[in-house]
Amino acid sequence: MARSVTPQRKAFNTAAAWAVGLLIFFPILWTILTSFKTEAQAINDPPLFFFFDWTLENYAVVQERSDYMRFLWNSIAIAGGSTLLGILVAIPAAWSMAFVPSNRTKDILLWMLSTKMLPAVGVLYPIYLIFIRLGILDTRSGLIVVLMLCNLPIIVWMLYTYFKEIPGEILEAARMDGATLKEEILYVLTPMAIPGIASTLLLNVILAWNEAFWTLNLTAAKAAPLTAFIASYSSPEGLFYAKLSAASTMAIAPILILGWFSQKQLVRGLTFGAVK
Amino acid sequence: MATQHSRSAARLMMAPAVVLLLGWMLVPLTMTLFFSFKKYLPLRGGDLGWVGFDNYIRFIDSSAFWPSVQATLVIVGGVLAITVVLGVALALLLDQPMWGQGVVRILVIAPFFVMPTVSALVWKNMFMDPVNGLFAHLWKFFGAEPISWLSEASMQSIILIVSWQWLPFATLILLTAIQSLDSEQLEAAEMDGASPVARFGYIILPHLGRAITVVVLIQTIFLLSIFAEIFVTTQGSFGTRTLTYLIFQRVLESQNVGLGSAGGVYAIILANIVAAFLMRIVGKNLDA
Amino acid sequence: MGRITLDKVTKSFGATEVIPPLDLTIEDGEFTVFVGPSGCGKSTLLRLIAGLEDVSSGQIRIDSKDATMVPPAKRGLAMVFQSYALYPHMSVRKNIAFPMKMAGIDEAEQNRRIEAAAKALNLTDYLERKPGQLSGGQRQRVAIGRAIVREPAAFLFDEPLSNLDAALRVGMRLEISELHERLKTTMIYVTHDQVEAMTMADKIVVLRAGHIEQVGSPLELYHTPRNLFVAGFIGSPKMNFIEGPEADKYNAHTIGIRPEHITIGTGDGPWSGVVNVSEHLGSDTFFHIHNTGLAETITVRADGEVGFRHGDRVTLTPRSDVIHRFDAQGQRIAA
Ligand SMILES: Nc1ncnc2c1ncn2[C@@H]1O[C@H](COP(=O)(O)OP(=O)(O)OP(=O)(O)O)[C@@H](O)[C@H]1O
Ligand SMILES: [Mg+2]
């Protein structure tokens, strides 16, 4: 829109948008604030906003009660590992679909997406049995594989949409220039698709980080990530709001920070590559 | 682009993904089918033999079945309606010129980063708790009797929590779509004398069609299987037992794998009905 | 060396046959241009030669060796694409070096060839830039540079100038012609612009619907088009076609006369008509004459000074020695 808007109009928009934005963000803000209160302040009536005695005590208690670092490390390993593995499998597949399409390509893509619709709970017990049989129940590698399979359709789909934007002529030029298939993908396609791959990576790290069915049902003590860490706070015991808030903040902080720093790729990724 | 050589290479490179997903789909599915025809109680005797369609009949006959299907559909439908409508409104708002757009956008998408277990716990305790929750404070402030949200308005509460998590996604997709609208189209419509409402109805909304399809498709995939939100709030009581949760209870809590597996097959059928319906729409949109 | 032979080559996409059986030989060092209307299969033919598409049947030989099943990289050909197909993430230098890197040529030699190509193409100052920071003409030259350094047996160009503006197009046309003079390497050049074809080619191949209509030097095609299609396609403005009694006088079904072979005036003349539109190009003027009783419109090319206007009654005198005669099948009738 080339026309300028009146300052009043812009001020009104700003006020409205900030009000809505803050309203949506409020639960997170409130959680973070509460995590710095004492338990008594946390349930004070009327609620305390900024004027209370800020304390870090809750974080110390949470760390002491449940070994945060171990859960954090599990989350990082599971989210990162499953995403990287998924991308490695998905890049060749997406290359095929984007650049050597056949009349079955669309069907295969839709079929892949449809596996994502299979309700996990329907196959919980078989997976559980397979995990026991293979001895990978409550291991990080087991979860990495399962989450990779869960997100593979989405990764393939996203990479496919990003790859399709790359003109096939450039890959043909590489082929004429004597590049083998591996070199073509490694030196030409991948560098050109870096923004798309980054978006895919970020989004799937977040999806895996927040995945809360398999991570809750296939882990116990050893491989449990932050989703399980926080679930252990689900039964109240005395005054616990501030501690719950501290634990919650610790569980979401890494992703919030990651999201903050990679806003652009993430916003692109959040649209799953489906809308431009 | 398509020589014999590149076509066979393509088939080879597709193979890992296809084989993995095929295995991921078929192996557990076959096992679920297998168990669904057995009386199988891991803690009470294990495999007690074939029972034909018994499990299927018992699962569907149980008083919990239809309410669970209904709960599932109500949650999915409710969340979809709320996120699409509010998402369009919010996207229109965020598309306007303003100060600090980038920051507002981050505020709006933040809930998407919050893991379901955290958001469910935070809402349950810090907002919806009938004694100490913020809502209770608010209600008391206005002289009203605090509501025990998760038992008295359980469905609405769950829908609220899940909508809060998915609204950012819907908003963002719709915002991206609005921003991709050719502004000349809107200017042409304005020249043609279309009012803002007419411009929204005739140009913006049709343009958003594809984006809305995407929102509905992707959210449905995730919403059909929401689990953690119920697991940490109501545990399926007060009418919030979805099909997913019902099966989970049959398998893990009552340790009746045969019955649960039959339920799983129903869930798969339900998902496939929804999927077939959605895939038709998406398939059409893929061509466009 | 770069002698390319197509032997009964065909190409079908599914059920549609785009190239029916086609034979063609391109001699070593020749500048061959494929022309034809949009969709006639020029690009397809070029891609078959490049190896980017498989032939459905037939054989392609490069320097008398069967190359039909040889992958593109091994054919020793270089291609310049219509979109240039530069690697956007690599600098100009890296773009030009890429084919040599793939071929495992040592670094010193790579640099020598890059410098030489950059000098020849006026790219020396731009070597460290990314393609996104170059103008259309510069990008085009990078694409050519990338092709040159491979020292290919033949260059393939697919409408390389169609994305450039008119002035630049003329300049690049000259540069490519000069390049050919210098390298004396076989070049195959696809275009649908017949001016490019006429000015650059040693040999023109006119295609229609995958068929070769005629092969010959530019002047051969101009002077002795083999059929109505070629006659109409080569030359600008287009040749006038006249049927009926006037053609009968020449014992032909159709006669063709080029606009530059008709004299326009006010005195006596065998034909007459009314000026409908006159287009003044400065050096030339094109008149579109109506009401001649011969054809809907007769186009005449005259000197820039000639100044008839809309509505003027004029007489037309064709040069009878350059009238082309065609039979009912549209084939040329020999003199
Ligand atoms: N991959 C393909 N699948 C199906 N048909 C194709 C394919 N590629 C080309 N064609 C068809 O083959 C015919 C020739 O196409 P080609 O690109 O060779 O034309 P062209 O002469 O280069 O035209 P232009 O001057 O417009 O570039 C066209 O009718 C086109 O529709
Ligand atoms: Mg072409």
# chains A, B, ... in the order shown; residues from 1 in each chain; ligands from 1
>>> interface_residues(of="chain C", to="chain A", cutoff="12 Å", atoms="only C-alpha atoms", output="PDB file with C-alpha atoms, in the first residue's frame")
ATOM      1  CA  PHE C  13       6.157 -37.229 -23.927  1.00  0.00           C
ATOM      2  CA  GLY C  14       3.707 -39.925 -22.987  1.00  0.00           C
ATOM      3  CA  ARG C  47      17.937 -30.975 -24.629  1.00  0.00           C
ATOM      4  CA  ILE C  49      21.456 -33.324 -27.833  1.00  0.00           C
ATOM      5  CA  ALA C  50      22.549 -32.186 -24.366  1.00  0.00           C
ATOM      6  CA  GLY C  51      21.403 -35.446 -22.805  1.00  0.00           C
ATOM      7  CA  LEU C  52      18.963 -33.765 -20.443  1.00  0.00           C
ATOM      8  CA  GLU C  53      16.206 -35.815 -22.038  1.00  0.00           C
ATOM      9  CA  VAL C  70      25.947 -41.064 -22.485  1.00  0.00           C
ATOM     10  CA  PRO C  71      24.993 -38.872 -19.495  1.00  0.00           C
ATOM     11  CA  PRO C  72      25.066 -35.103 -20.092  1.00  0.00           C
ATOM     12  CA  ALA C  73      28.291 -34.476 -18.213  1.00  0.00           C
ATOM     13  CA  LYS C  74      30.180 -36.963 -20.350  1.00  0.00           C
ATOM     14  CA  ARG C  75      29.133 -35.612 -23.735  1.00  0.00           C
ATOM     15  CA  GLY C  76      31.627 -32.767 -23.654  1.00  0.00           C
ATOM     16  CA  LEU C  77      28.971 -30.177 -24.457  1.00  0.00           C
ATOM     17  CA  ALA C  78      28.278 -26.914 -22.668  1.00  0.00           C
ATOM     18  CA  MET C  79      24.875 -25.316 -22.419  1.00  0.00           C
ATOM     19  CA  VAL C  80      23.769 -21.735 -21.837  1.00  0.00           C
ATOM     20  CA  PHE C  81      20.232 -21.626 -20.519  1.00  0.00           C
ATOM     21  CA  GLN C  82      17.548 -19.076 -21.188  1.00  0.00           C
ATOM     22  CA  SER C  83      17.386 -18.216 -17.477  1.00  0.00           C
ATOM     23  CA  TYR C  84      21.203 -18.348 -17.336  1.00  0.00           C
ATOM     24  CA  ALA C  85      20.933 -20.895 -14.504  1.00  0.00           C
ATOM     25  CA  LEU C  86      23.760 -19.338 -12.538  1.00  0.00           C
ATOM     26  CA  TYR C  87      24.391 -20.708  -9.049  1.00  0.00           C
ATOM     27  CA  PRO C  88      23.055 -17.868  -6.903  1.00  0.00           C
ATOM     28  CA  HIS C  89      25.083 -18.778  -3.822  1.00  0.00           C
ATOM     29  CA  MET C  90      28.431 -18.757  -5.616  1.00  0.00           C
ATOM     30  CA  LYS C  94      33.075 -19.882  -8.332  1.00  0.00           C
ATOM     31  CA  ASN C  95      30.352 -20.152 -10.942  1.00  0.00           C
ATOM     32  CA  ILE C  96      32.880 -20.192 -13.729  1.00  0.00           C
ATOM     33  CA  ALA C  97      35.156 -22.538 -11.808  1.00  0.00           C
ATOM     34  CA  PHE C  98      32.414 -25.047 -11.040  1.00  0.00           C
ATOM     35  CA  PRO C  99      32.618 -27.208 -14.171  1.00  0.00           C
ATOM     36  CA  MET C 100      36.406 -27.316 -13.882  1.00  0.00           C
ATOM     37  CA  LYS C 101      36.180 -28.240 -10.224  1.00  0.00           C
ATOM     38  CA  MET C 102      33.839 -31.071 -11.158  1.00  0.00           C
ATOM     39  CA  ALA C 103      36.284 -32.179 -13.826  1.00  0.00           C
ATOM     40  CA  GLY C 104      39.123 -32.130 -11.309  1.00  0.00           C
ATOM     41  CA  ILE C 105      41.221 -29.603 -13.186  1.00  0.00           C
ATOM     42  CA  ALA C 143      26.812 -18.105 -18.208  1.00  0.00           C
ATOM     43  CA  ILE C 144      28.846 -17.998 -21.393  1.00  0.00           C
ATOM     44  CA  ARG C 146      31.041 -20.932 -17.485  1.00  0.00           C
ATOM     45  CA  ALA C 147      30.522 -22.675 -20.805  1.00  0.00           C
ATOM     46  CA  ILE C 148      33.774 -21.502 -22.391  1.00  0.00           C
ATOM     47  CA  VAL C 149      36.158 -22.675 -19.677  1.00  0.00           C
ATOM     48  CA  ARG C 150      35.133 -26.261 -20.206  1.00  0.00           C
ATOM     49  CA  GLU C 151      36.483 -26.064 -23.736  1.00  0.00           C
ATOM     50  CA  PRO C 152      33.529 -28.104 -24.937  1.00  0.00           C
ATOM     51  CA  PHE C 155      28.056 -24.977 -27.253  1.00  0.00           C
ATOM     52  CA  LEU C 156      24.315 -25.233 -26.894  1.00  0.00           C
ATOM     53  CA  PHE C 157      22.340 -22.022 -26.449  1.00  0.00           C
ATOM     54  CA  ASP C 158      18.632 -22.004 -25.627  1.00  0.00           C
TER      55      ASP C 158
END
>>> residues_near_ligand(ligand="ligand 2", cutoff="7 Å", atoms="only C-alpha atoms and all ligand atoms", output="list in words")
Gly39, Lys42, Ser43 and Asp158 of chain C
>>> residues_around(residues="stretch 237-241 of chain B", least_positions_apart="4", cutoff="9 Å", atoms="only C-alpha atoms", output="ChimeraX atom specification")
/B:64,67-69,71-72,75,150-155,158,230,245-246
>>> write_last_selection(atoms="N, CA, C and O atoms", output="PDB file, in the first residue's frame")
ATOM      1  N   ALA B  64     -19.008 -45.575  26.978  1.00  0.00           N
ATOM      2  CA  ALA B  64     -18.053 -44.471  26.820  1.00  0.00           C
ATOM      3  C   ALA B  64     -17.758 -44.157  25.360  1.00  0.00           C
ATOM      4  O   ALA B  64     -17.202 -43.109  25.063  1.00  0.00           O
ATOM      5  N   PRO B  67     -19.877 -41.058  23.421  1.00  0.00           N
ATOM      6  CA  PRO B  67     -19.476 -39.759  23.994  1.00  0.00           C
ATOM      7  C   PRO B  67     -18.026 -39.391  23.664  1.00  0.00           C
ATOM      8  O   PRO B  67     -17.720 -38.216  23.455  1.00  0.00           O
ATOM      9  N   SER B  68     -17.164 -40.402  23.544  1.00  0.00           N
ATOM     10  CA  SER B  68     -15.762 -40.067  23.263  1.00  0.00           C
ATOM     11  C   SER B  68     -15.600 -39.570  21.822  1.00  0.00           C
ATOM     12  O   SER B  68     -14.832 -38.648  21.573  1.00  0.00           O
ATOM     13  N   VAL B  69     -16.349 -40.201  20.895  1.00  0.00           N
ATOM     14  CA  VAL B  69     -16.297 -39.720  19.525  1.00  0.00           C
ATOM     15  C   VAL B  69     -16.808 -38.282  19.477  1.00  0.00           C
ATOM     16  O   VAL B  69     -16.222 -37.398  18.859  1.00  0.00           O
ATOM     17  N   ALA B  71     -16.887 -36.107  21.924  1.00  0.00           N
ATOM     18  CA  ALA B  71     -15.941 -35.186  22.565  1.00  0.00           C
ATOM     19  C   ALA B  71     -14.813 -34.840  21.601  1.00  0.00           C
ATOM     20  O   ALA B  71     -14.404 -33.680  21.474  1.00  0.00           O
ATOM     21  N   THR B  72     -14.329 -35.862  20.900  1.00  0.00           N
ATOM     22  CA  THR B  72     -13.247 -35.617  19.947  1.00  0.00           C
ATOM     23  C   THR B  72     -13.673 -34.605  18.901  1.00  0.00           C
ATOM     24  O   THR B  72     -12.977 -33.623  18.642  1.00  0.00           O
ATOM     25  N   ILE B  75     -14.151 -31.040  20.261  1.00  0.00           N
ATOM     26  CA  ILE B  75     -12.889 -30.332  20.505  1.00  0.00           C
ATOM     27  C   ILE B  75     -12.260 -29.899  19.184  1.00  0.00           C
ATOM     28  O   ILE B  75     -11.894 -28.729  19.015  1.00  0.00           O
ATOM     29  N   LEU B 150     -12.569 -26.523  35.236  1.00  0.00           N
ATOM     30  CA  LEU B 150     -12.309 -27.812  34.592  1.00  0.00           C
ATOM     31  C   LEU B 150     -13.343 -28.869  34.932  1.00  0.00           C
ATOM     32  O   LEU B 150     -13.385 -29.922  34.320  1.00  0.00           O
ATOM     33  N   SER B 151     -14.206 -28.604  35.919  1.00  0.00           N
ATOM     34  CA  SER B 151     -15.272 -29.582  36.135  1.00  0.00           C
ATOM     35  C   SER B 151     -16.609 -29.045  35.653  1.00  0.00           C
ATOM     36  O   SER B 151     -17.390 -29.780  35.053  1.00  0.00           O
ATOM     37  N   GLU B 152     -16.853 -27.747  35.839  1.00  0.00           N
ATOM     38  CA  GLU B 152     -18.166 -27.222  35.458  1.00  0.00           C
ATOM     39  C   GLU B 152     -18.239 -26.856  33.977  1.00  0.00           C
ATOM     40  O   GLU B 152     -19.295 -26.946  33.368  1.00  0.00           O
ATOM     41  N   ALA B 153     -17.136 -26.377  33.441  1.00  0.00           N
ATOM     42  CA  ALA B 153     -17.130 -26.024  32.008  1.00  0.00           C
ATOM     43  C   ALA B 153     -15.939 -26.711  31.362  1.00  0.00           C
ATOM     44  O   ALA B 153     -15.094 -26.074  30.739  1.00  0.00           O
ATOM     45  N   SER B 154     -15.891 -28.014  31.541  1.00  0.00           N
ATOM     46  CA  SER B 154     -14.677 -28.743  31.173  1.00  0.00           C
ATOM     47  C   SER B 154     -14.351 -28.641  29.680  1.00  0.00           C
ATOM     48  O   SER B 154     -13.224 -28.322  29.298  1.00  0.00           O
ATOM     49  N   MET B 155     -15.364 -28.871  28.834  1.00  0.00           N
ATOM     50  CA  MET B 155     -15.099 -28.838  27.401  1.00  0.00           C
ATOM     51  C   MET B 155     -14.623 -27.463  26.964  1.00  0.00           C
ATOM     52  O   MET B 155     -13.636 -27.323  26.243  1.00  0.00           O
ATOM     53  N   ILE B 158     -11.029 -26.910  27.956  1.00  0.00           N
ATOM     54  CA  ILE B 158     -10.053 -27.604  27.115  1.00  0.00           C
ATOM     55  C   ILE B 158      -9.945 -26.920  25.764  1.00  0.00           C
ATOM     56  O   ILE B 158      -8.848 -26.694  25.245  1.00  0.00           O
ATOM     57  N   ILE B 230      -5.279 -33.266  27.974  1.00  0.00           N
ATOM     58  CA  ILE B 230      -6.273 -33.952  28.782  1.00  0.00           C
ATOM     59  C   ILE B 230      -5.595 -34.748  29.891  1.00  0.00           C
ATOM     60  O   ILE B 230      -6.052 -34.787  31.034  1.00  0.00           O
ATOM     61  N   TYR B 245      -8.044 -40.673  24.290  1.00  0.00           N
ATOM     62  CA  TYR B 245      -7.850 -40.877  25.712  1.00  0.00           C
ATOM     63  C   TYR B 245      -8.528 -42.155  26.187  1.00  0.00           C
ATOM     64  O   TYR B 245      -7.998 -42.884  27.025  1.00  0.00           O
ATOM     65  N   LEU B 246      -9.676 -42.440  25.616  1.00  0.00           N
ATOM     66  CA  LEU B 246     -10.397 -43.669  25.977  1.00  0.00           C
ATOM     67  C   LEU B 246      -9.538 -44.896  25.665  1.00  0.00           C
ATOM     68  O   LEU B 246      -9.395 -45.796  26.491  1.00  0.00           O
TER      69      LEU B 246
END
>>> residues_around(residues="C:His192", least_positions_apart="4", cutoff="7 Å", atoms="only C-alpha atoms", output="list in words")
Val35, Gly36, Pro37 and Ser38 of chain C
>>> closest_atom_pairs(of="chain A", to="ligand 1", cutoff="12 Å", atoms="only C-alpha atoms and all ligand atoms", output="JSON lines")
{"residue": "A:Phe99", "atom": "CA", "partner": "ligand 1", "partner_atom_place_in_ligand_line": "1 (N)", "distance": 11.4}
{"residue": "A:Val100", "atom": "CA", "partner": "ligand 1", "partner_atom_place_in_ligand_line": "1 (N)", "distance": 10.2}
{"residue": "A:Pro101", "atom": "CA", "partner": "ligand 1", "partner_atom_place_in_ligand_line": "1 (N)", "distance": 10.0}
{"residue": "A:Ser102", "atom": "CA", "partner": "ligand 1", "partner_atom_place_in_ligand_line": "1 (N)", "distance": 10.4}
{"residue": "A:Asn103", "atom": "CA", "partner": "ligand 1", "partner_atom_place_in_ligand_line": "3 (N)", "distance": 11.3}
{"residue": "A:Gly168", "atom": "CA", "partner": "ligand 1", "partner_atom_place_in_ligand_line": "1 (N)", "distance": 11.8}
>>> residues_around(residues="B:Leu41", least_positions_apart="4", cutoff="10 Å", atoms="only C-alpha atoms", output="PyMOL selection string")
chain B and resi 45-48+251+254-259
>>> residues_around(residues="B:Met14", least_positions_apart="3", cutoff="10 Å", atoms="only C-alpha atoms", output="short mmCIF file (atom, residue, chain, number, x, y, z; two decimals) with C-alpha atoms, in the first residue's frame")
data_model
loop_
_atom_site.label_atom_id
_atom_site.label_comp_id
_atom_site.auth_asym_id
_atom_site.auth_seq_id
_atom_site.Cartn_x
_atom_site.Cartn_y
_atom_site.Cartn_z
CA VAL A 89 16.28 -39.09 4.91
CA ALA A 90 13.98 -36.41 3.55
CA ILE A 91 16.37 -34.41 1.36
CA PRO A 92 16.85 -37.14 -1.26
CA ALA A 93 13.13 -37.93 -1.23
CA ALA A 94 12.16 -34.30 -1.62
CA TRP A 95 14.71 -33.89 -4.40
CA SER A 96 13.10 -36.76 -6.28
CA MET A 97 9.60 -35.41 -5.90
CA ILE A 108 3.05 -40.52 -2.59
CA SER B 8 15.97 -44.48 -11.55
CA ALA B 9 18.10 -42.29 -9.30
CA ALA B 10 14.91 -40.64 -8.09
CA ARG B 11 13.35 -43.96 -7.24
CA ALA B 17 11.70 -42.40 3.20
CA VAL B 18 9.04 -44.59 1.62
CA VAL B 19 10.30 -47.81 3.19
#
>>> select_by_dssp(residues="stretch 77-242 of chain A", states="alpha helix (DSSP H)", output="PyMOL selection string")
chain A and resi 77-99+105-115+124-134+140-164+168-176+181-183+190-192+194-210+214-217+226-231+241-242
>>> interface_residues(of="chain A", to="chain B", cutoff="7 Å", atoms="only C-alpha atoms", output="PyMOL selection string")
chain A and resi 1+10-11+13-14+17-18+21-22+24-25+43+45-46+89-90+92-93+96+100+110+114-119+121-123+126-127+149+206+210+212-213+227+230-231+234+248+252+255-256+270-271+274-276
>>> closest_residue(among="C:Val277, C:Met69, C:Ile60, C:Phe34", to="chain B", atoms="only C-alpha atoms")
C:Met69
>>> residues_around(residues="C:Val300", least_positions_apart="5", cutoff="6 Å", atoms="only C-alpha atoms", output="PyMOL selection string")
chain C and resi 259+286-287
>>> write_last_selection(atoms="N, CA, C and O atoms", output="PDB file, in the first residue's frame")
ATOM      1  N   PRO C 259       8.028  -7.847 -49.287  1.00  0.00           N
ATOM      2  CA  PRO C 259       7.672  -6.425 -49.253  1.00  0.00           C
ATOM      3  C   PRO C 259       8.749  -5.554 -49.867  1.00  0.00           C
ATOM      4  O   PRO C 259       8.434  -4.526 -50.477  1.00  0.00           O
ATOM      5  N   PHE C 286       7.102   1.016 -43.779  1.00  0.00           N
ATOM      6  CA  PHE C 286       6.271  -0.127 -44.173  1.00  0.00           C
ATOM      7  C   PHE C 286       4.872   0.397 -44.440  1.00  0.00           C
ATOM      8  O   PHE C 286       4.284   1.083 -43.612  1.00  0.00           O
ATOM      9  N   PHE C 287       4.342   0.027 -45.613  1.00  0.00           N
ATOM     10  CA  PHE C 287       2.967   0.402 -45.929  1.00  0.00           C
ATOM     11  C   PHE C 287       2.104  -0.847 -45.947  1.00  0.00           C
ATOM     12  O   PHE C 287       2.507  -1.871 -46.503  1.00  0.00           O
TER      13      PHE C 287
END
>>> select_by_dssp(residues="stretch 3-175 of chain C", states="strand (DSSP E or B)", output="MDAnalysis selection string")
chainID C and resid 4:13 16:26 31:35 57:62 65:66 77:80 154:158
